[in-house]
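Everything below belongs to my_file.txt, which stores compact mmCIF, C-alpha atoms.
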```
# COMPACT_ATOMS: atom_id res chain seq x y z
CA MET A 117 -47.61 -12.05 -37.53
CA THR A 118 -48.52 -15.54 -36.40
CA TRP A 119 -51.67 -17.42 -35.44
CA THR A 120 -52.22 -19.26 -32.18
CA VAL A 121 -55.30 -21.21 -31.11
CA ASP A 122 -55.98 -22.06 -27.48
CA PRO A 123 -58.90 -23.12 -25.29
CA GLU A 124 -60.86 -20.26 -23.77
CA PRO A 125 -63.49 -20.24 -21.02
CA TYR A 126 -66.90 -19.75 -22.66
CA ASP A 127 -67.70 -16.92 -20.25
CA SER A 128 -64.48 -14.91 -20.57
CA PRO A 129 -64.65 -11.33 -21.85
CA VAL A 130 -62.82 -12.41 -25.03
CA ALA A 131 -65.30 -15.23 -25.67
CA ALA A 132 -68.24 -12.93 -24.97
CA ALA A 133 -66.99 -10.33 -27.47
CA LEU A 134 -66.44 -12.97 -30.16
CA TRP A 135 -69.88 -14.53 -29.51
CA ARG A 136 -71.53 -11.12 -29.82
CA ALA A 137 -69.70 -10.38 -33.09
CA TYR A 138 -70.49 -13.85 -34.51
CA TYR A 139 -74.17 -13.75 -33.60
CA THR A 140 -74.62 -10.19 -34.79
CA GLU A 141 -73.10 -11.00 -38.18
CA VAL A 142 -75.05 -14.20 -38.89
CA SER A 143 -78.30 -12.73 -37.57
CA ASP A 144 -77.94 -9.51 -39.54
CA ARG A 145 -77.10 -11.45 -42.72
CA TRP A 146 -80.26 -13.54 -42.31
CA TYR A 147 -82.51 -10.55 -41.64
CA GLN A 148 -80.98 -8.51 -44.48
CA LEU A 149 -81.53 -11.40 -46.89
CA HIS A 150 -85.06 -12.31 -45.79
CA GLU A 151 -86.57 -9.11 -44.41
CA GLY A 152 -84.37 -6.24 -45.62
CA HIS A 153 -83.24 -4.97 -42.21
CA THR A 154 -80.76 -5.75 -39.45
CA THR A 155 -81.64 -7.66 -36.31
CA ASP A 156 -83.90 -5.92 -33.81
CA PRO A 157 -81.57 -4.89 -30.94
CA ASP A 158 -83.85 -6.38 -28.25
CA GLU A 159 -84.01 -9.72 -30.09
CA LEU A 160 -80.25 -9.67 -30.53
CA GLU A 161 -79.70 -9.19 -26.79
CA ARG A 162 -82.18 -11.96 -25.90
CA GLU A 163 -80.58 -14.48 -28.25
CA ILE A 164 -77.02 -13.67 -27.20
CA ALA A 165 -78.00 -14.09 -23.55
CA ALA A 166 -79.98 -17.29 -24.21
CA GLN A 167 -77.03 -19.11 -25.76
CA SER A 168 -74.28 -18.79 -23.19
CA GLY A 169 -71.96 -21.40 -24.66
CA ALA A 170 -71.75 -23.38 -21.42
CA ASP A 171 -72.00 -26.55 -23.52
CA LEU A 172 -68.66 -25.59 -25.10
CA SER A 173 -66.72 -26.34 -21.94
CA PRO A 174 -65.04 -29.45 -20.53
CA PRO A 175 -65.67 -32.26 -20.07
CA ARG A 176 -68.09 -32.46 -23.03
CA GLY A 177 -66.98 -29.54 -25.14
CA ALA A 178 -64.39 -26.91 -25.92
CA LEU A 179 -64.30 -23.31 -27.03
CA LEU A 180 -61.21 -22.27 -28.95
CA VAL A 181 -59.98 -18.75 -29.64
CA ALA A 182 -57.61 -17.86 -32.44
CA ARG A 183 -55.28 -14.95 -31.92
CA TYR A 184 -53.38 -13.20 -34.67
CA GLY A 185 -50.29 -11.44 -33.43
CA GLY A 186 -51.65 -11.95 -29.92
CA ALA A 187 -54.99 -10.20 -30.55
CA PRO A 188 -58.28 -12.18 -30.44
CA ALA A 189 -59.36 -12.82 -34.02
CA GLY A 190 -61.84 -15.69 -34.09
CA THR A 191 -63.43 -18.70 -32.49
CA SER A 192 -64.66 -22.23 -32.96
CA GLY A 193 -66.44 -24.59 -30.62
CA VAL A 194 -67.22 -28.27 -30.28
CA ARG A 195 -69.70 -30.15 -28.14
CA LEU A 196 -70.20 -33.89 -27.81
CA LEU A 197 -73.54 -35.14 -29.10
CA ASP A 198 -72.79 -38.73 -28.12
CA ALA A 199 -69.73 -40.88 -27.39
CA THR A 200 -68.49 -40.84 -31.00
CA THR A 201 -69.93 -37.64 -32.50
CA ALA A 202 -69.18 -33.98 -31.85
CA GLU A 203 -70.75 -30.90 -33.38
CA LEU A 204 -68.69 -28.02 -34.76
CA THR A 205 -70.16 -24.60 -34.04
CA ARG A 206 -69.35 -20.88 -33.73
CA VAL A 207 -66.69 -20.88 -36.44
CA PHE A 208 -66.03 -17.17 -36.88
CA LEU A 209 -63.30 -14.68 -37.71
CA TYR A 210 -63.55 -10.93 -37.47
CA GLY A 211 -63.94 -9.53 -40.99
CA GLY A 212 -60.46 -7.97 -41.06
CA MET A 213 -58.88 -11.32 -40.21
CA ARG A 214 -60.41 -13.31 -43.05
CA GLY A 215 -58.30 -14.58 -45.91
CA ARG A 216 -55.24 -15.23 -43.72
CA GLY A 217 -55.73 -18.95 -43.01
CA GLY A 218 -57.33 -18.55 -39.60
CA ALA A 219 -60.62 -20.29 -40.38
CA ALA A 220 -58.95 -23.52 -41.50
CA LEU A 221 -56.69 -23.36 -38.46
CA LEU A 222 -59.74 -23.00 -36.17
CA VAL A 223 -61.56 -25.94 -37.78
CA ARG A 224 -58.47 -28.17 -37.55
CA ALA A 225 -57.99 -27.19 -33.90
CA ALA A 226 -61.65 -28.07 -33.28
CA GLU A 227 -61.05 -31.45 -34.91
CA ASP A 228 -58.10 -32.03 -32.57
CA ALA A 229 -60.26 -31.04 -29.59
CA THR A 230 -62.93 -33.48 -30.80
CA ARG A 231 -60.41 -36.32 -30.86
CA THR A 232 -59.28 -35.37 -27.35
CA LEU A 233 -62.91 -35.60 -26.24
CA GLY A 234 -62.98 -39.15 -27.65
CA ALA A 235 -65.18 -38.58 -30.68
CA GLU A 236 -64.27 -39.74 -34.17
CA ARG A 237 -66.91 -37.95 -36.21
CA MET A 238 -67.68 -34.25 -36.60
CA VAL A 239 -71.03 -32.89 -37.79
CA LEU A 240 -72.13 -29.33 -38.42
CA ASP A 241 -74.91 -27.33 -39.96
CA THR A 242 -74.97 -24.04 -41.78
CA ARG A 243 -77.21 -21.87 -43.91
CA GLY A 244 -77.32 -21.54 -47.67
CA ASP A 245 -76.33 -17.87 -47.62
CA LEU A 246 -73.13 -18.62 -45.70
CA VAL A 247 -71.37 -19.66 -48.89
CA GLU A 248 -67.90 -18.94 -47.48
CA ALA A 249 -68.50 -21.42 -44.66
CA ARG A 250 -69.79 -24.11 -47.01
CA ALA A 251 -66.75 -23.69 -49.26
CA LEU A 252 -64.40 -23.90 -46.26
CA TYR A 253 -65.97 -27.09 -44.95
CA ALA A 254 -65.88 -28.75 -48.38
CA ARG A 255 -62.24 -27.74 -48.81
CA LEU A 256 -61.40 -29.31 -45.43
CA GLY A 257 -62.96 -32.66 -46.32
CA TYR A 258 -66.48 -32.32 -44.95
CA THR A 259 -69.20 -33.88 -47.07
CA GLU A 260 -72.79 -32.76 -47.27
CA THR A 261 -75.15 -35.25 -45.66
CA GLU A 262 -78.69 -35.68 -44.38
CA ALA A 263 -80.01 -33.47 -41.60
CA HIS A 264 -78.79 -34.35 -38.12
CA ASN A 265 -80.92 -31.76 -36.31
CA GLU A 266 -84.08 -29.73 -36.75
CA SER A 267 -82.60 -26.24 -36.40
CA PRO A 268 -84.91 -23.76 -38.13
CA TYR A 269 -81.93 -21.97 -39.67
CA ALA A 270 -79.99 -25.03 -40.85
CA GLU A 271 -80.14 -25.66 -44.58
CA HIS A 272 -76.97 -27.69 -45.14
CA TRP A 273 -75.49 -30.43 -42.96
CA PHE A 274 -71.95 -31.76 -43.16
CA VAL A 275 -70.01 -34.67 -41.68
CA LYS A 276 -66.36 -35.72 -41.49
CA GLN A 277 -64.87 -38.91 -40.14
CA LEU A 278 -61.80 -38.10 -38.04
CA ARG A 279 -58.85 -40.35 -37.35
CA PRO A 280 -58.73 -41.54 -33.75
CA ALA A 281 -56.47 -39.62 -31.37
CA ALA A 282 -52.86 -40.80 -31.54
```
Output the structure of this file as structure tokens.
Amino acid sequence: MTWTVDPEPYDSPVAAALWRAYYTEVSDRWYQLHEGHTTDPDELEREIAAQSGADLSPPRGALLVARYGGAPAGTSGVRLLDATTAELTRVFLYGGMRGRGGAALLVRAAEDATRTLGAERMVLDTRGDLVEARALYARLGYTETEAHNESPYAEHWFVKQLRPAA
């Protein structure tokens, strides 16, 4: 089986299914850790609907979908914050797809998309309980830095300088 990563419209059925799976997982992990239960279904639906992903579309962003053996397996997104900086977001693989190299492939594809958008620096934020994500970003050359946003769920911020597009 092989991996492919390609741009995907943020509002496609594939993108919607991946967004739902991503948000459900990170929300449930937070609620389990802090309150001992999964996300309230009504809250989950409101938050999924409120964050459409429209900012992950050209000309100022990109949503990427990884497929393993042709089947949708994961996603990553980038959005320009300014002329030189993009933000990495929605890095996710279905649980059964983890450990096969897809996450690194998605992040590198997002870096390529960032260069195509004209930015030379990638920033991201994550939570402390998402230890797998923090380890991935460190392994791929991201360094922890000061906060670049005021997200109530962000606990760690990372940055990476990217080479200009060839």
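Pairwise distance (CA of Asp245 (chain A), CA of Ile164 (chain A)) equals 20.9 Å.
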By how many Å are CA of Val239 (chain A) and CA of Met213 (chain A) apart? 24.9 Å
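From CA of Gly190 (chain A) back to CA of Phe208 (chain A), the distance works out to 5.2 Å.
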Distance cut-off 10 Å, centre (-72.1, -30.8, -35.2) in file coordinates, counting all atoms listed in the file: which residues qualify? Return them as a list in words. Gly193, Val194, Arg195, Leu196, Leu197, Thr201, Ala202, Glu203, Leu204, Thr205, Arg237, Met238, Val239, Leu240, Asp241, Thr242, His264, Asn265, Trp273, Phe274, Val275 and Lys276 of chain A
Which residues of region 204-248 of chain A come within 10 Å of region 138-146 of chain A, and what is each one's closest atom pair and distance in Å (one decimal), counting only C-alpha atoms, sorted by chain and residue number, as CSV?
```
residue,atom,partner,partner_atom,distance
A:Arg206,CA,A:Tyr138,CA,7.2
A:Val207,CA,A:Tyr138,CA,8.2
A:Phe208,CA,A:Tyr138,CA,6.0
A:Leu209,CA,A:Tyr138,CA,7.9
A:Tyr210,CA,A:Tyr138,CA,8.1
A:Gly211,CA,A:Glu141,CA,9.7
A:Arg243,CA,A:Trp146,CA,9.0
A:Asp245,CA,A:Trp146,CA,7.9
A:Leu246,CA,A:Val142,CA,8.3
```
Excluding Pro125 (chain A) and any residue of its chain fewer than 6 positions from it, enumerate the residues within 10 Å of it, using all atoms listed in the file, and give them as a PDB file with C-alpha atoms, keeping the file's coordinate frame.
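To be explicit, this is the file written out as around_27.pdb:
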```pdb
ATOM      1  CA  ALA A 131     -65.300 -15.230 -25.670  1.00  0.00           C
ATOM      2  CA  ALA A 132     -68.240 -12.930 -24.970  1.00  0.00           C
ATOM      3  CA  GLY A 169     -71.960 -21.400 -24.660  1.00  0.00           C
ATOM      4  CA  ALA A 170     -71.750 -23.380 -21.420  1.00  0.00           C
ATOM      5  CA  LEU A 172     -68.660 -25.590 -25.100  1.00  0.00           C
ATOM      6  CA  SER A 173     -66.720 -26.340 -21.940  1.00  0.00           C
ATOM      7  CA  PRO A 174     -65.040 -29.450 -20.530  1.00  0.00           C
ATOM      8  CA  ALA A 178     -64.390 -26.910 -25.920  1.00  0.00           C
ATOM      9  CA  LEU A 179     -64.300 -23.310 -27.030  1.00  0.00           C
ATOM     10  CA  LEU A 180     -61.210 -22.270 -28.950  1.00  0.00           C
ATOM     11  CA  VAL A 181     -59.980 -18.750 -29.640  1.00  0.00           C
TER      12      VAL A 181
END
```
Mind listing whatever residues come within 12 Å of the point (-47.9, -9.3, -35.1)? Use all atoms listed in the file, file coordinates, and give them as number ranges by chain. A: 117-120, 183-188
Preceding selection exported with C-alpha atoms as a PDB file, in the frame of the given file:
```pdb
ATOM      1  CA  MET A 117     -47.610 -12.050 -37.530  1.00  0.00           C
ATOM      2  CA  THR A 118     -48.520 -15.540 -36.400  1.00  0.00           C
ATOM      3  CA  TRP A 119     -51.670 -17.420 -35.440  1.00  0.00           C
ATOM      4  CA  THR A 120     -52.220 -19.260 -32.180  1.00  0.00           C
ATOM      5  CA  ARG A 183     -55.280 -14.950 -31.920  1.00  0.00           C
ATOM      6  CA  TYR A 184     -53.380 -13.200 -34.670  1.00  0.00           C
ATOM      7  CA  GLY A 185     -50.290 -11.440 -33.430  1.00  0.00           C
ATOM      8  CA  GLY A 186     -51.650 -11.950 -29.920  1.00  0.00           C
ATOM      9  CA  ALA A 187     -54.990 -10.200 -30.550  1.00  0.00           C
ATOM     10  CA  PRO A 188     -58.280 -12.180 -30.440  1.00  0.00           C
TER      11      PRO A 188
END
```
Taking all atoms listed in the file into account, which of A:Ala189, A:Glu227, A:Gly234, A:Ala270 comes nearest Arg214 (chain A)?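 Distance minimum relative to Arg214 (chain A) lands on A:Ala189.
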Each side padded by 3 Å, which centre and which edge lengths in Å (one decimal) define the axis-aligned box around the listed atoms of region 252-271 of chain A? Give them as AutoDock Vina command-line options.
```
--center_x -73.2 --center_y -28.8 --center_z -42.6 --size_x 29.5 --size_y 19.7 --size_z 18.5
```
If you count only C-alpha atoms, the residue of A:Ala220, A:Ala254, A:Ala229, A:Val121 closest to Pro175 (chain A) turns out to be A:Ala229
